[in-house]
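Okay, model-v4.csv is below, CSV, C-alpha atoms:
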chain,number,residue,atom,x,y,z
A,1,MET,CA,14.9,-16.2,-41.8
A,2,LYS,CA,16.9,-14.1,-39.4
A,3,ALA,CA,15.7,-10.8,-38.3
A,4,ARG,CA,16.6,-8.0,-35.9
A,5,VAL,CA,14.3,-5.7,-34.0
A,6,THR,CA,15.9,-2.6,-32.4
A,7,VAL,CA,13.9,-0.7,-29.8
A,8,THR,CA,15.0,2.7,-28.8
A,9,LEU,CA,13.5,5.5,-26.6
A,10,LYS,CA,11.7,8.2,-28.4
A,11,THR,CA,13.4,11.6,-28.6
A,12,GLY,CA,12.7,13.7,-25.6
A,13,VAL,CA,12.0,10.8,-23.2
A,14,LEU,CA,14.4,11.0,-20.3
A,15,ASP,CA,16.9,8.1,-20.2
A,16,PRO,CA,18.6,8.0,-16.8
A,17,GLN,CA,20.4,4.7,-17.7
A,18,GLY,CA,21.9,6.3,-20.9
A,19,LYS,CA,22.9,9.3,-18.8
A,20,ALA,CA,24.6,7.1,-16.2
A,21,ILE,CA,26.5,5.3,-19.0
A,22,GLU,CA,27.5,8.6,-20.6
A,23,GLY,CA,28.9,9.7,-17.2
A,24,ALA,CA,30.8,6.5,-16.8
A,25,LEU,CA,32.3,6.8,-20.3
A,26,HIS,CA,33.4,10.4,-19.4
A,27,SER,CA,35.0,9.2,-16.2
A,28,LEU,CA,36.8,6.5,-18.1
A,29,GLY,CA,38.3,9.2,-20.2
A,30,VAL,CA,36.8,8.0,-23.5
A,31,GLU,CA,37.1,11.0,-25.8
A,32,GLY,CA,34.3,12.6,-27.8
A,33,ILE,CA,31.2,11.0,-26.3
A,34,ALA,CA,28.5,13.7,-26.8
A,35,SER,CA,25.5,11.6,-25.5
A,36,VAL,CA,24.3,8.0,-24.9
A,37,ARG,CA,20.8,6.6,-25.2
A,38,GLN,CA,20.2,3.0,-24.3
A,39,GLY,CA,18.0,0.6,-26.2
A,40,LYS,CA,17.3,-3.1,-26.8
A,41,VAL,CA,18.1,-5.5,-29.7
A,42,PHE,CA,16.1,-8.6,-30.3
A,43,ASP,CA,17.7,-11.2,-32.7
A,44,ILE,CA,14.8,-13.3,-34.0
A,45,GLU,CA,14.6,-16.5,-36.1
A,46,ILE,CA,11.3,-16.4,-38.0
A,47,ASP,CA,9.5,-18.9,-40.3
A,48,ALA,CA,7.7,-16.9,-42.9
A,49,ALA,CA,6.7,-17.5,-46.5
A,50,ASP,CA,8.3,-14.3,-47.8
A,51,PRO,CA,10.0,-11.1,-46.5
A,52,GLU,CA,6.7,-9.3,-46.5
A,53,ALA,CA,5.0,-11.8,-44.2
A,54,ALA,CA,8.1,-11.8,-42.0
A,55,ARG,CA,7.9,-8.0,-41.7
A,56,ALA,CA,4.2,-8.1,-40.9
A,57,ALA,CA,4.9,-10.7,-38.1
A,58,LEU,CA,7.8,-8.7,-36.7
A,59,ALA,CA,5.7,-5.5,-36.8
A,60,ALA,CA,2.9,-7.3,-34.8
A,61,ALA,CA,5.5,-8.6,-32.3
A,62,SER,CA,6.9,-5.1,-31.8
A,63,GLU,CA,3.5,-3.4,-31.5
A,64,LYS,CA,2.1,-6.1,-29.2
A,65,LEU,CA,5.0,-6.7,-26.9
A,66,LEU,CA,8.6,-5.8,-27.8
A,67,ALA,CA,8.2,-2.0,-27.7
A,68,ASN,CA,6.0,0.2,-25.5
A,69,THR,CA,5.1,2.7,-28.2
A,70,VAL,CA,4.2,5.3,-25.6
A,71,VAL,CA,7.9,5.9,-25.1
A,72,GLU,CA,9.7,3.6,-27.6
A,73,ASN,CA,10.3,3.4,-31.3
A,74,TYR,CA,11.2,0.2,-33.1
A,75,ARG,CA,13.1,-0.7,-36.3
A,76,LEU,CA,12.8,-3.9,-38.2
A,77,GLU,CA,15.6,-5.5,-40.3
A,78,LEU,CA,15.7,-8.8,-42.2
A,79,LEU,CA,19.2,-10.1,-42.1
B,80,MET,CA,-17.1,-7.7,-1.1
B,81,LYS,CA,-15.4,-10.4,-3.1
B,82,ALA,CA,-11.8,-9.6,-4.0
B,83,ALA,CA,-9.7,-11.6,-6.5
B,84,ILE,CA,-6.0,-11.2,-6.2
B,85,VAL,CA,-4.1,-12.1,-9.4
B,86,LEU,CA,-0.9,-14.1,-8.9
B,87,PHE,CA,1.7,-13.8,-11.6
B,88,PRO,CA,5.1,-15.6,-11.5
B,89,GLY,CA,7.2,-13.2,-9.4
B,90,SER,CA,4.3,-11.4,-7.6
B,91,ASN,CA,5.3,-11.2,-3.9
B,92,ARG,CA,2.8,-8.9,-2.2
B,93,GLU,CA,-0.4,-11.0,-2.8
B,94,GLY,CA,-0.4,-12.1,0.9
B,95,ASP,CA,-0.1,-8.5,2.1
B,96,ALA,CA,-3.0,-7.4,-0.2
B,97,ALA,CA,-5.1,-10.3,1.0
B,98,ARG,CA,-4.4,-9.5,4.7
B,99,ALA,CA,-5.3,-5.8,4.2
B,100,LEU,CA,-8.6,-6.7,2.4
B,101,ARG,CA,-9.6,-9.4,4.9
B,102,GLN,CA,-8.9,-7.0,7.8
B,103,ALA,CA,-11.3,-4.5,6.2
B,104,GLY,CA,-13.9,-7.3,5.8
B,105,ALA,CA,-13.5,-8.6,2.2
B,106,GLU,CA,-13.5,-12.2,1.1
B,107,THR,CA,-10.4,-12.9,-0.9
B,108,SER,CA,-9.2,-15.4,-3.4
B,109,ILE,CA,-6.0,-15.9,-5.3
B,110,VAL,CA,-6.4,-16.3,-9.1
B,111,TRP,CA,-3.6,-17.7,-11.2
B,112,HIS,CA,-2.5,-15.6,-14.2
B,113,ALA,CA,-3.0,-18.4,-16.8
B,114,ASP,CA,-6.7,-18.7,-15.8
B,115,HIS,CA,-9.2,-17.3,-18.3
B,116,ASP,CA,-11.9,-16.3,-15.8
B,117,LEU,CA,-12.3,-14.4,-12.6
B,118,PRO,CA,-14.3,-16.1,-9.8
B,119,THR,CA,-18.1,-15.5,-10.2
B,120,GLY,CA,-19.2,-12.4,-8.3
B,121,THR,CA,-15.8,-10.7,-8.2
B,122,ASP,CA,-16.3,-7.1,-7.1
B,123,LEU,CA,-12.6,-6.1,-7.0
B,124,VAL,CA,-9.6,-7.3,-8.8
B,125,VAL,CA,-6.2,-6.6,-7.2
B,126,LEU,CA,-2.9,-6.8,-9.1
B,127,PRO,CA,-0.4,-7.0,-6.3
B,128,GLY,CA,3.2,-5.8,-6.1
B,129,GLY,CA,6.3,-7.8,-6.9
B,130,PHE,CA,8.5,-8.5,-9.9
B,131,SER,CA,6.2,-10.4,-12.3
B,132,TYR,CA,8.4,-12.3,-14.9
B,133,GLY,CA,11.5,-10.9,-13.2
B,134,ASP,CA,10.7,-7.5,-14.7
B,135,TYR,CA,12.0,-9.0,-18.0
B,136,LEU,CA,11.6,-6.8,-21.1
B,137,ARG,CA,9.9,-4.0,-19.2
B,138,CYS,CA,8.2,-4.0,-15.8
B,139,GLY,CA,4.8,-5.4,-16.2
B,140,ALA,CA,5.1,-5.9,-19.9
B,141,ILE,CA,4.7,-9.7,-20.0
B,142,ALA,CA,2.1,-9.9,-17.2
B,143,GLY,CA,0.1,-7.2,-18.9
B,144,ARG,CA,-0.5,-9.6,-21.8
B,145,ALA,CA,-1.4,-12.7,-19.6
B,146,HIS,CA,-4.6,-14.6,-20.3
B,147,ILE,CA,-6.3,-13.3,-17.1
B,148,MET,CA,-5.9,-9.7,-18.2
B,149,ASP,CA,-8.6,-10.2,-20.9
B,150,ALA,CA,-11.0,-11.0,-18.0
B,151,VAL,CA,-9.7,-8.1,-16.0
B,152,ARG,CA,-10.3,-5.8,-19.0
B,153,SER,CA,-13.9,-7.0,-19.3
B,154,HIS,CA,-14.4,-6.6,-15.6
B,155,ALA,CA,-13.1,-3.0,-15.8
B,156,ALA,CA,-15.3,-2.3,-18.9
B,157,ARG,CA,-18.3,-3.5,-16.9
B,158,GLY,CA,-17.4,-0.9,-14.2
B,159,GLY,CA,-15.8,-3.4,-11.9
B,160,LEU,CA,-13.2,-2.2,-9.5
B,161,VAL,CA,-9.5,-2.8,-10.2
B,162,LEU,CA,-6.6,-1.9,-7.9
B,163,GLY,CA,-3.0,-2.2,-9.1
B,164,ILE,CA,-0.3,-1.6,-6.6
B,165,CYS,CA,3.3,-1.1,-7.5
B,166,ASN,CA,4.1,-3.8,-10.1
B,167,GLY,CA,0.3,-3.9,-10.4
B,168,PHE,CA,0.3,-0.3,-11.6
B,169,GLN,CA,3.0,-1.1,-14.1
B,170,ILE,CA,0.9,-4.0,-15.4
B,171,LEU,CA,-2.2,-1.7,-15.7
B,172,CYS,CA,-0.1,0.7,-17.8
B,173,GLU,CA,1.4,-2.0,-20.0
B,174,SER,CA,-2.0,-3.6,-20.5
B,175,GLY,CA,-3.6,-0.4,-21.7
B,176,LEU,CA,-6.0,-0.1,-18.8
B,177,LEU,CA,-4.3,3.0,-17.6
B,178,PRO,CA,-2.3,5.5,-19.8
B,179,GLY,CA,1.4,6.3,-19.5
B,180,VAL,CA,4.3,4.3,-18.4
B,181,LEU,CA,6.5,3.8,-15.3
B,182,MET,CA,10.1,4.6,-16.1
B,183,ARG,CA,13.3,4.0,-14.2
B,184,ASN,CA,13.6,6.3,-11.1
B,185,ARG,CA,15.2,9.6,-11.8
B,186,ASP,CA,18.4,8.7,-9.8
B,187,LEU,CA,18.5,5.1,-10.8
B,188,ARG,CA,18.1,3.8,-7.3
B,189,PHE,CA,15.6,1.3,-6.0
B,190,VAL,CA,13.8,3.3,-3.3
B,191,CYS,CA,12.4,1.4,-0.2
B,192,LYS,CA,11.1,3.7,2.5
B,193,ARG,CA,8.1,5.3,4.2
B,194,GLN,CA,6.4,7.9,2.0
B,195,HIS,CA,3.7,10.4,2.5
B,196,LEU,CA,1.0,10.9,-0.2
B,197,ARG,CA,-1.6,13.6,-0.5
B,198,VAL,CA,-5.1,12.3,-1.2
B,199,GLU,CA,-6.2,14.3,-4.2
B,200,ARG,CA,-9.9,13.6,-4.0
B,201,ASN,CA,-12.0,11.6,-1.5
B,202,ASP,CA,-15.1,11.0,-3.5
B,203,THR,CA,-14.0,7.8,-5.2
B,204,ALA,CA,-14.5,4.1,-4.3
B,205,PHE,CA,-10.9,4.0,-3.2
B,206,THR,CA,-10.5,7.1,-1.0
B,207,ARG,CA,-13.8,8.0,0.6
B,208,ALA,CA,-12.5,7.0,4.1
B,209,TYR,CA,-9.8,9.7,3.9
B,210,ALA,CA,-10.1,13.4,4.3
B,211,LEU,CA,-9.6,15.6,1.2
B,212,HIS,CA,-5.8,16.5,0.9
B,213,GLN,CA,-5.0,14.3,3.9
B,214,ALA,CA,-1.3,13.4,3.9
B,215,ILE,CA,-1.2,9.6,4.5
B,216,ASP,CA,1.9,7.8,5.6
B,217,VAL,CA,2.5,4.6,3.6
B,218,ALA,CA,5.5,2.9,2.0
B,219,ILE,CA,7.2,2.7,-1.3
B,220,ALA,CA,9.5,0.0,-2.7
B,221,HIS,CA,10.3,0.4,-6.4
B,222,GLY,CA,13.0,1.0,-9.0
B,223,GLU,CA,10.6,2.0,-11.8
B,224,GLY,CA,8.1,4.4,-10.4
B,225,ASN,CA,8.8,7.5,-12.4
B,226,TYR,CA,5.4,8.1,-14.1
B,227,GLU,CA,5.6,9.6,-17.6
B,228,ALA,CA,3.1,10.2,-20.3
B,229,HIS,CA,2.6,12.4,-23.3
B,230,ASP,CA,2.0,16.0,-22.4
B,231,GLU,CA,-1.6,15.8,-23.7
B,232,THR,CA,-2.2,12.7,-21.6
B,233,ILE,CA,-0.9,14.5,-18.4
B,234,ALA,CA,-3.1,17.5,-19.3
B,235,ARG,CA,-6.1,15.2,-19.7
B,236,LEU,CA,-5.5,13.4,-16.4
B,237,GLU,CA,-5.1,16.7,-14.6
B,238,GLY,CA,-8.1,18.3,-16.3
B,239,GLU,CA,-10.3,15.3,-15.5
B,240,GLY,CA,-9.1,15.1,-11.9
B,241,ARG,CA,-7.7,11.7,-12.4
B,242,VAL,CA,-4.6,12.0,-10.2
B,243,ALA,CA,-5.4,9.9,-7.1
B,244,PHE,CA,-2.3,10.6,-5.0
B,245,ARG,CA,0.8,12.8,-5.2
B,246,TYR,CA,4.0,12.5,-3.3
B,247,CYS,CA,4.2,14.9,-0.4
B,248,ASP,CA,6.0,15.5,2.9
B,249,ALA,CA,4.5,14.9,6.3
B,250,SER,CA,2.9,18.3,6.3
B,251,GLY,CA,1.2,17.7,3.0
B,252,LYS,CA,3.5,19.8,0.9
B,253,VAL,CA,3.6,18.2,-2.6
B,254,GLY,CA,6.8,17.6,-4.6
B,255,GLY,CA,10.3,18.9,-4.3
B,256,ALA,CA,12.4,16.6,-2.2
B,257,ALA,CA,9.3,14.6,-1.3
B,258,ASN,CA,9.1,13.2,-4.9
B,259,PRO,CA,11.1,10.0,-4.6
B,260,ASN,CA,11.4,9.0,-8.3
B,261,GLY,CA,11.0,12.1,-10.5
B,262,SER,CA,7.5,11.3,-11.6
B,263,THR,CA,5.6,13.9,-13.7
B,264,ASN,CA,3.6,16.3,-11.5
B,265,ASP,CA,4.6,14.2,-8.4
B,266,ILE,CA,2.0,11.6,-9.5
B,267,ALA,CA,1.9,8.5,-7.3
B,268,GLY,CA,-1.4,7.1,-8.6
B,269,ILE,CA,-4.0,7.7,-11.2
B,270,TYR,CA,-7.6,6.7,-12.0
B,271,SER,CA,-9.2,5.4,-15.2
B,272,GLU,CA,-11.8,7.6,-16.9
B,273,LYS,CA,-14.6,6.1,-14.9
B,274,PHE,CA,-12.7,6.1,-11.6
B,275,ASN,CA,-13.1,2.4,-11.2
B,276,VAL,CA,-9.5,1.5,-11.9
B,277,LEU,CA,-6.7,2.8,-9.7
B,278,GLY,CA,-3.0,2.3,-10.2
B,279,MET,CA,-0.5,3.4,-7.6
B,280,MET,CA,3.2,2.9,-6.9
B,281,PRO,CA,3.0,3.1,-3.0
B,282,HIS,CA,1.9,0.2,-0.8
B,283,PRO,CA,-1.1,1.0,1.4
B,284,GLU,CA,-1.4,-2.7,2.2
B,285,ASN,CA,1.8,-2.6,4.2
B,286,LEU,CA,0.6,0.1,6.7
B,287,ILE,CA,-2.4,-1.5,8.2
B,288,ASP,CA,-1.0,-2.7,11.5
B,289,PRO,CA,0.3,-0.6,14.4
B,290,LEU,CA,2.9,-3.4,14.8
B,291,VAL,CA,4.7,-2.2,11.7
B,292,GLY,CA,4.4,1.5,12.6
B,293,GLY,CA,1.3,2.9,11.0
B,294,ILE,CA,-2.3,2.3,9.9
B,295,ASP,CA,-2.8,5.0,7.3
B,296,GLY,CA,-3.1,2.3,4.6
B,297,ARG,CA,-6.3,1.0,6.1
B,298,GLY,CA,-8.4,3.8,4.7
B,299,LEU,CA,-8.0,2.6,1.2
B,300,PHE,CA,-9.4,-0.9,2.0
B,301,GLU,CA,-12.1,0.5,4.2
B,302,SER,CA,-13.1,2.8,1.4
B,303,LEU,CA,-13.5,-0.2,-0.9
B,304,LEU,CA,-15.6,-2.0,1.6
B,305,ARG,CA,-17.9,1.0,1.9
B,306,ALA,CA,-18.1,1.0,-1.9
B,307,ALA,CA,-19.4,-2.6,-1.9

Structure encoded using structure tokens:
Amino acid sequence: MKARVTVTLKTGVLDPQGKAIEGALHSLGVEGIASVRQGKVFDIEIDAADPEAARAALAAASEKLLANTVVENYRLELL
Amino acid sequence: MKAAIVLFPGSNREGDAARALRQAGAETSIVWHADHDLPTGTDLVVLPGGFSYGDYLRCGAIAGRAHIMDAVRSHAARGGLVLGICNGFQILCESGLLPGVLMRNRDLRFVCKRQHLRVERNDTAFTRAYALHQAIDVAIAHGEGNYEAHDETIARLEGEGRVAFRYCDASGKVGGAANPNGSTNDIAGIYSEKFNVLGMMPHPENLIDPLVGGIDGRGLFESLLRAA
């Protein structure tokens, strides 16, 4: 089973990297960029009996390691 | 005092920490991260600076989940002393031993320079050799030292007097241009609830010898030896 975990910064957490990218896009003249927030994507191959078990394992992975839930949110997708 | 310095792949200040501790009179040993136990009779655990696991995922994230951290957590729960410096502070936050997180520096630069800190209290095992509100001259070297936490966590740390050091200038004036990384309330280091765990971004272990320009870092290690 293929899965994707997307980790993003929570609203209100300062993201200096996103700000720098936003500034670079403006200086490149890319039109219409209002704001940029940077996150991470993890593409995962998972052996699981069913989608429910896969989701449980991915949630555990996210809570234990992939995301720092003090400042980050995560989203799980089975592909 | 018996000090155990934990070595992770990518740690690079373990030798500096050991030198500073030995100078103050401690016995030191190096413990590998994959070990499950600390040496018998360990009084102090040091998580040294460096770039554990290449800062992959998040600074300190993978080291914070290493086997030895279970032993460090038990040691801290028994009231044992734990000192995390720089990457060690990031590891303490990632492992849950200290609250909050160290984010990328405000202006995205790795900052490596001398830095003054104000000693916020001098009644702990780590600071009793300093004067209250003394401005000590140490060093910083980090790209992710911008301390952030939930508002309620910050309020709690402040309310309980758990801020150990704040960034200041040579005269002891806190904040403003003296804050090198944008950290909340100019926080450079914090204590655990029982004041037996200290995490700090600056490097006191690098200012212990007049040869490198200052000895203000010695006080922290001398404090620990007095605590023993």

- Looking at only C-alpha atoms, which of B:Arg207, B:Ile219, B:Lys273, B:Asn258 is the one that sits closest to Leu160 in chain B?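 Checking each of B:Arg207, B:Ile219, B:Lys273, B:Asn258 against Leu160 in chain B, counting only C-alpha atoms, the winner is B:Lys273.
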
- Please, which residues of chain B lie no more than 8 Å from chain A when the count uses all atoms listed in the file, and can they be set out as a PyMOL selection string? chain B and resi 136+140-141+173+179-180+183-187+228-229

Prev. selection, C-alpha atoms, output as a PDB file, in the frame of the given file:
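Full text of part_18.pdb as output:
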ATOM      1  CA  LEU B 136      11.600  -6.800 -21.100  1.00  0.00           C
ATOM      2  CA  ALA B 140       5.100  -5.900 -19.900  1.00  0.00           C
ATOM      3  CA  ILE B 141       4.700  -9.700 -20.000  1.00  0.00           C
ATOM      4  CA  GLU B 173       1.400  -2.000 -20.000  1.00  0.00           C
ATOM      5  CA  GLY B 179       1.400   6.300 -19.500  1.00  0.00           C
ATOM      6  CA  VAL B 180       4.300   4.300 -18.400  1.00  0.00           C
ATOM      7  CA  ARG B 183      13.300   4.000 -14.200  1.00  0.00           C
ATOM      8  CA  ASN B 184      13.600   6.300 -11.100  1.00  0.00           C
ATOM      9  CA  ARG B 185      15.200   9.600 -11.800  1.00  0.00           C
ATOM     10  CA  ASP B 186      18.400   8.700  -9.800  1.00  0.00           C
ATOM     11  CA  LEU B 187      18.500   5.100 -10.800  1.00  0.00           C
ATOM     12  CA  ALA B 228       3.100  10.200 -20.300  1.00  0.00           C
ATOM     13  CA  HIS B 229       2.600  12.400 -23.300  1.00  0.00           C
TER      14      HIS B 229
END

- Task: To one decimal in Å, tell me the separation between CA of Leu171 in chain B and CA of Ala105 in chain B.
- Result: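 Going from CA of Leu171 in chain B over to CA of Ala105 in chain B, I get 22.3 Å.
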
- One-decimal distance in Å that lies between CA of Ser174 in chain B and CA of Ile147 in chain B: 11.1 Å

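Nearest-residue note for Thr232 in chain B: choosing from B:Asn260, B:Val198, B:Ser271, B:Ala208, the minimum distance belongs to B:Ser271, counting all atoms listed in the file.
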
- Message: What's around Ile109 in chain B at 6 Å? Count all atoms listed in the file, leave out sequence neighbours fewer than 3 positions away in its own chain, and write the answer as a count of residues only.
- Response: 3

- Residue with the minimum atom-to-atom distance to Gly240 in chain B, picked from B:Gly268, B:Gly293, B:Gly139, B:Gly255 with all atoms listed in the file counted, is B:Gly268

- Among the residues B:His212, B:Thr121, B:Arg152, B:Arg92, the one that comes closest to Glu106 in chain B [using all atoms listed in the file]: B:Thr121
